[in-house]
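Asks: Sharing target.cif (mmCIF, C-alpha atoms) below.
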```cif
data_final
#
loop_
_atom_site.label_atom_id
_atom_site.label_comp_id
_atom_site.auth_asym_id
_atom_site.auth_seq_id
_atom_site.Cartn_x
_atom_site.Cartn_y
_atom_site.Cartn_z
CA MET U 8 -17.37 -9.80 -7.04
CA VAL U 9 -16.03 -9.56 -10.55
CA ARG U 10 -16.81 -6.44 -12.53
CA ARG U 11 -19.01 -7.23 -15.50
CA GLU U 12 -19.50 -5.26 -18.65
CA LYS U 13 -22.62 -5.80 -20.78
CA LEU U 14 -21.78 -6.81 -24.34
CA GLY U 15 -25.08 -6.25 -26.14
CA ARG U 16 -26.92 -9.54 -25.73
CA LYS U 17 -28.95 -9.97 -22.58
CA ASP U 18 -27.01 -13.02 -21.37
CA THR U 19 -23.51 -12.12 -22.58
CA TYR U 20 -21.00 -10.57 -20.20
CA MET U 21 -17.27 -9.96 -20.36
CA TYR U 22 -15.39 -10.48 -17.13
CA GLN U 23 -12.52 -8.24 -16.16
CA THR U 24 -9.98 -9.59 -13.70
CA ARG U 25 -9.14 -7.26 -10.80
CA LYS U 26 -5.37 -7.24 -10.33
CA ILE U 27 -3.72 -5.61 -7.33
CA GLY U 28 -0.01 -5.45 -6.53
CA VAL U 29 1.58 -4.84 -3.14
CA VAL U 30 5.18 -3.61 -2.96
CA GLY U 31 6.74 -4.37 0.42
CA GLN U 32 5.83 -7.41 2.48
CA GLY U 33 6.80 -6.17 5.90
CA HIS U 34 4.24 -5.89 8.69
CA VAL U 35 2.02 -3.38 6.88
CA GLY U 36 2.28 -4.82 3.36
CA ALA U 37 1.54 -8.34 4.59
CA HIS U 38 -1.58 -7.09 6.38
CA VAL U 39 -2.71 -5.25 3.25
CA ALA U 40 -2.30 -8.40 1.15
CA ASN U 41 -4.14 -10.50 3.72
CA SER U 42 -6.98 -7.99 3.95
CA LEU U 43 -7.34 -7.83 0.16
CA LEU U 44 -7.51 -11.63 0.06
CA MET U 45 -9.96 -12.02 2.95
CA GLN U 46 -12.34 -9.40 1.52
CA GLY U 47 -12.19 -10.82 -2.00
CA ILE U 48 -11.18 -7.47 -3.45
CA ALA U 49 -8.57 -8.89 -5.86
CA ASP U 50 -8.90 -11.71 -8.35
CA GLU U 51 -5.11 -11.69 -8.74
CA LEU U 52 -2.70 -10.51 -6.06
CA TYR U 53 0.92 -9.69 -7.03
CA LEU U 54 3.41 -9.43 -4.16
CA CYS U 55 6.90 -7.87 -4.32
CA ASP U 56 9.66 -7.46 -1.78
CA ILE U 57 13.45 -7.17 -1.91
CA ASN U 58 13.67 -10.04 0.61
CA GLU U 59 12.99 -13.18 -1.42
CA ALA U 60 12.49 -15.41 1.62
CA LYS U 61 9.99 -12.97 3.13
CA VAL U 62 7.83 -12.61 0.02
CA THR U 63 7.96 -16.36 -0.65
CA SER U 64 6.76 -17.01 2.91
CA GLU U 65 3.93 -14.46 2.64
CA VAL U 66 2.79 -15.89 -0.70
CA GLN U 67 2.72 -19.40 0.77
CA ASP U 68 0.77 -18.22 3.84
CA LEU U 69 -1.82 -16.53 1.63
CA ARG U 70 -2.11 -19.57 -0.63
CA ASP U 71 -2.59 -21.77 2.44
CA SER U 72 -5.34 -19.49 3.72
CA LEU U 73 -7.32 -19.77 0.46
CA SER U 74 -9.18 -22.73 1.93
CA PHE U 75 -10.77 -20.37 4.46
CA VAL U 76 -12.17 -17.85 1.99
CA PRO U 77 -14.90 -18.23 -0.62
CA TYR U 78 -12.66 -16.74 -3.32
CA ASN U 79 -10.17 -18.30 -5.68
CA THR U 80 -7.59 -15.55 -5.80
CA LYS U 81 -4.43 -16.12 -7.83
CA ILE U 82 -1.42 -15.13 -5.71
CA VAL U 83 1.78 -14.31 -7.59
CA ASN U 84 5.28 -14.05 -6.11
CA CYS U 85 7.08 -11.33 -8.08
CA TYR U 86 10.08 -11.07 -5.70
CA ASP U 87 11.91 -7.96 -7.01
CA HIS U 88 10.68 -8.30 -10.60
CA TYR U 89 8.64 -5.10 -10.37
CA GLU U 90 7.88 -5.06 -14.09
CA GLU U 91 5.43 -7.92 -13.45
CA LEU U 92 3.19 -5.38 -11.66
CA ALA U 93 2.58 -3.45 -14.89
CA CYS U 94 -0.60 -5.48 -15.50
CA CYS U 95 -2.17 -4.39 -12.19
CA ASP U 96 -5.13 -2.03 -11.85
CA VAL U 97 -3.84 -0.80 -8.49
CA ILE U 98 -0.42 -0.98 -6.85
CA VAL U 99 -0.13 -0.42 -3.10
CA ASN U 100 3.27 0.93 -2.06
CA ALA U 101 3.93 -0.41 1.45
CA ALA U 102 7.73 -0.33 1.21
CA GLY U 103 9.25 0.98 4.40
CA LYS U 104 10.88 0.25 7.71
CA VAL U 105 8.55 1.24 10.55
CA ALA U 106 11.29 1.08 13.20
CA LEU U 107 12.98 4.09 11.57
CA ALA U 108 9.91 6.23 12.30
CA ALA U 109 10.14 5.74 16.07
CA GLY U 110 11.87 9.09 16.56
CA ASN U 111 9.81 11.31 14.27
CA ARG U 112 7.61 11.49 11.21
CA ASP U 113 10.55 11.79 8.85
CA GLY U 114 12.43 8.78 10.24
CA GLU U 115 11.59 6.62 7.22
CA LEU U 116 12.11 9.42 4.69
CA PHE U 117 15.39 8.30 3.14
CA PHE U 118 14.58 4.59 3.30
CA THR U 119 11.16 4.93 1.61
CA THR U 120 12.26 7.38 -1.08
CA ASP U 121 15.27 5.17 -1.87
CA ALA U 122 12.92 2.19 -2.08
CA ALA U 123 10.65 4.09 -4.48
CA ARG U 124 13.68 4.75 -6.70
CA THR U 125 14.22 0.98 -7.06
CA PHE U 126 10.75 0.17 -8.41
CA ALA U 127 8.65 3.15 -9.53
CA LYS U 128 10.22 3.87 -12.90
CA ARG U 129 10.59 0.16 -13.71
CA ILE U 130 6.85 -0.39 -13.20
CA VAL U 131 5.78 2.65 -15.22
CA ASN U 132 8.25 1.90 -18.04
CA ALA U 133 6.82 -1.63 -18.24
CA GLY U 134 3.45 -0.13 -19.20
CA PHE U 135 1.62 0.36 -15.90
CA ASP U 136 -1.51 2.46 -16.41
CA GLY U 137 -3.31 1.94 -13.11
CA ILE U 138 -3.39 3.73 -9.78
CA PHE U 139 -0.60 3.95 -7.21
CA VAL U 140 -1.79 3.97 -3.59
CA SER U 141 1.09 4.84 -1.29
CA ILE U 142 0.91 4.04 2.40
CA SER U 143 4.64 4.53 3.04
CA ASN U 144 5.74 7.36 5.29
CA PRO U 145 6.11 10.25 5.04
CA CYS U 146 3.19 9.76 2.70
CA ASP U 147 3.13 13.17 1.02
CA VAL U 148 6.86 13.07 0.28
CA VAL U 149 6.74 9.51 -1.08
CA CYS U 150 3.80 10.34 -3.37
CA THR U 151 5.63 13.39 -4.68
CA GLU U 152 8.74 11.26 -5.22
CA LEU U 153 6.72 8.67 -7.18
CA TRP U 154 5.42 11.47 -9.39
CA HIS U 155 8.84 13.09 -9.94
CA LEU U 156 10.63 9.79 -10.55
CA THR U 157 8.18 8.57 -13.16
CA GLY U 158 6.45 11.61 -14.63
CA TYR U 159 3.28 9.61 -13.96
CA ASP U 160 -0.08 11.39 -13.84
CA PRO U 161 -0.28 12.78 -10.27
CA LYS U 162 -4.06 12.26 -10.34
CA LYS U 163 -3.31 8.53 -10.35
CA ILE U 164 -1.06 8.64 -7.27
CA ILE U 165 -3.02 8.50 -4.04
CA GLY U 166 -1.53 8.99 -0.59
CA SER U 167 -3.08 7.49 2.50
CA GLY U 168 -2.47 10.57 4.64
CA CYS U 169 -4.56 9.86 7.68
CA GLY U 170 -5.87 11.22 10.94
CA LEU U 171 -2.83 10.01 12.85
CA ASP U 172 -0.50 12.08 10.66
CA SER U 173 -2.77 15.11 11.16
CA ALA U 174 -2.82 14.59 14.93
CA CYS U 175 0.99 14.23 15.03
CA SER U 176 1.36 17.43 13.04
CA LEU U 177 -1.04 19.29 15.33
CA CYS U 178 0.75 18.19 18.50
CA SER U 179 4.23 18.88 17.06
CA THR U 180 3.16 22.38 16.05
CA ALA U 181 1.58 22.94 19.46
CA ARG U 182 4.75 21.85 21.28
CA ALA U 183 6.84 24.20 19.12
CA ALA U 184 4.45 27.07 19.91
CA VAL U 185 4.36 26.19 23.64
CA TRP U 186 0.61 25.63 23.50
CA THR U 187 -1.34 22.56 24.50
CA PRO U 188 -4.62 22.03 22.67
CA PRO U 189 -7.04 19.60 24.38
CA ALA U 190 -6.25 16.85 21.88
CA CYS U 191 -2.55 16.90 22.87
CA ALA U 192 -2.95 17.26 26.63
CA PRO U 193 -1.93 14.35 28.84
CA ARG U 194 -4.96 12.44 30.03
CA SER U 195 -5.60 11.23 33.52
CA PRO U 196 -6.47 7.56 33.87
CA ARG U 197 -10.17 6.71 34.05
CA ARG U 198 -11.52 5.60 37.35
CA SER U 199 -13.95 2.74 37.46
CA ALA U 200 -17.05 3.19 39.55
#
```
Go ahead and express the file in the form of C-alpha cells.
Replies:
Amino acid sequence: MVRREKLGRKDTYMYQTRKIGVVGQGHVGAHVANSLLMQGIADELYLCDINEAKVTSEVQDLRDSLSFVPYNTKIVNCYDHYEELACCDVIVNAAGKVALAAGNRDGELFFTTDAARTFAKRIVNAGFDGIFVSISNPCDVVCTELWHLTGYDPKKIIGSGCGLDSACSLCSTARAAVWTPPACAPRSPRRSA
C-alpha cells in the first residue's frame, strides 16, 4: 500500500515512502508500533525511547516478526536521537508512565509534559513538517504543551481524546455534583438463565 503519484506517462509512477515515528516504547507505544507493522501502514518505522535497552528490544522483536507479515517495513532504532524523526510524515507521541495515572486523570501530567520538553523542540528544529498524534495523557494538556514548546502549527497536532476520557470526566463531574447518571451507576451482575 504505497501511495503513488502519476507522473504524466501512463506507466510511470513515483513512489513515496510512508514514514512513521513512535516516541515512547512502553506498553502503549510498543502496541502502536506493532499495530502499524502488522497492518502495513508504514514503509519505515522509527522508534524512540529514553531506555536504550527497551527500544533495542522492541526493534528486534518487530524485525523478528517481519517474517509473519507480507510487508517489508524498515524498522529504525533511534534511541533518544529524536532529530532522526524529522523525516517522518507522522509522529505518534506515546511517552508516558501509565502507573502514574492510577489515582486520577492528571497523574501522568508532569511526567508526560516533561517528556515532551525533551523531544518536541528537537524534532521540529530538525525540520519536521508532518503531523504529531499524541496519545499521552492528559491528552489535551500534552497537545497544548507540544504546540507551546515548538510554536508548531496546532492544526498539525492531533490528540487522541477518546470516549474513556469523556466518560471519566462525566462521572467525576457527577460525583462532585452528588448526582449519578445511568452511565456512572454501579451495575448489578448479570444472571445467567
Asks: Could you tell me, as a list in words, exactly which residues end up selected when the PyMOL selection byres ((chain U and resi 157) around 7) is applied to this structure?
Replies: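 Applied to this file, the PyMOL selection byres ((chain U and resi 157) around 7) returns Ala127, Lys128, Val131, Leu153, Trp154, His155, Leu156, Gly158 and Tyr159 of chain U.
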Asks: The PyMOL selection byres ((chain U and resi 58) around 12) - which residues does that actually catch in the file I just gave you? List them as JSON, numbers by chain.
Replies: {"U": [30, 31, 32, 33, 54, 55, 56, 57, 59, 60, 61, 62, 63, 64, 65, 84, 85, 86, 87, 88, 102]}
Asks: I need the residues from that last selection saved to file as an mmCIF file, in the coordinates of the input (with C-alpha atoms), if you can.
Replies:
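Saved result, part09.cif, follows:
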```
data_model
loop_
_atom_site.group_PDB
_atom_site.id
_atom_site.type_symbol
_atom_site.label_atom_id
_atom_site.label_comp_id
_atom_site.auth_asym_id
_atom_site.auth_seq_id
_atom_site.Cartn_x
_atom_site.Cartn_y
_atom_site.Cartn_z
ATOM 1 C CA VAL U 30 5.180 -3.610 -2.960
ATOM 2 C CA GLY U 31 6.740 -4.370 0.420
ATOM 3 C CA GLN U 32 5.830 -7.410 2.480
ATOM 4 C CA GLY U 33 6.800 -6.170 5.900
ATOM 5 C CA LEU U 54 3.410 -9.430 -4.160
ATOM 6 C CA CYS U 55 6.900 -7.870 -4.320
ATOM 7 C CA ASP U 56 9.660 -7.460 -1.780
ATOM 8 C CA ILE U 57 13.450 -7.170 -1.910
ATOM 9 C CA GLU U 59 12.990 -13.180 -1.420
ATOM 10 C CA ALA U 60 12.490 -15.410 1.620
ATOM 11 C CA LYS U 61 9.990 -12.970 3.130
ATOM 12 C CA VAL U 62 7.830 -12.610 0.020
ATOM 13 C CA THR U 63 7.960 -16.360 -0.650
ATOM 14 C CA SER U 64 6.760 -17.010 2.910
ATOM 15 C CA GLU U 65 3.930 -14.460 2.640
ATOM 16 C CA ASN U 84 5.280 -14.050 -6.110
ATOM 17 C CA CYS U 85 7.080 -11.330 -8.080
ATOM 18 C CA TYR U 86 10.080 -11.070 -5.700
ATOM 19 C CA ASP U 87 11.910 -7.960 -7.010
ATOM 20 C CA HIS U 88 10.680 -8.300 -10.600
ATOM 21 C CA ALA U 102 7.730 -0.330 1.210
#
```
Asks: Which one of U:Gln23, U:Asn132, U:Thr120, U:Asn144 sits closest to Ala106 of chain U if you count all atoms listed in the file?
Replies: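 Ranking U:Gln23, U:Asn132, U:Thr120, U:Asn144 by distance to Ala106 of chain U, first place goes to U:Asn144.
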Asks: Which residue, U:Ala123, U:Ala183, U:Leu116, U:Ile130, has the smallest gap to Val148 of chain U when you use only C-alpha atoms?
Replies: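 The closest residue to Val148 of chain U is U:Leu116.
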Asks: Have a look at atom CA of Asn111 of chain U and atom CA of Ser176 of chain U and let me know their distance in Å, one decimal.
Replies: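 Interatomic distance here is 10.5 Å.
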Asks: Just to confirm, what's the straight-line distance from atom CA of Arg129 of chain U to atom CA of Ser143 of chain U in Å (one decimal)?
Replies: 18.3 Å
Asks: Got a sec to resolve the PyMOL selection byres ((chain U and resi 25) around 6) on this structure and send the residues as a short mmCIF file (atom, residue, chain, number, x, y, z; two decimals) with C-alpha atoms, in the coordinates of the input?
Replies:
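Writing the result to out30.cif gives the following:
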```
data_model
loop_
_atom_site.label_atom_id
_atom_site.label_comp_id
_atom_site.auth_asym_id
_atom_site.auth_seq_id
_atom_site.Cartn_x
_atom_site.Cartn_y
_atom_site.Cartn_z
CA THR U 24 -9.98 -9.59 -13.70
CA LYS U 26 -5.37 -7.24 -10.33
CA ALA U 49 -8.57 -8.89 -5.86
CA ASP U 50 -8.90 -11.71 -8.35
#
```
Asks: Mind pulling up the distance from atom CA of Leu177 of chain U to atom CA of His34 of chain U?
Replies: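 Interatomic distance here is 26.6 Å.
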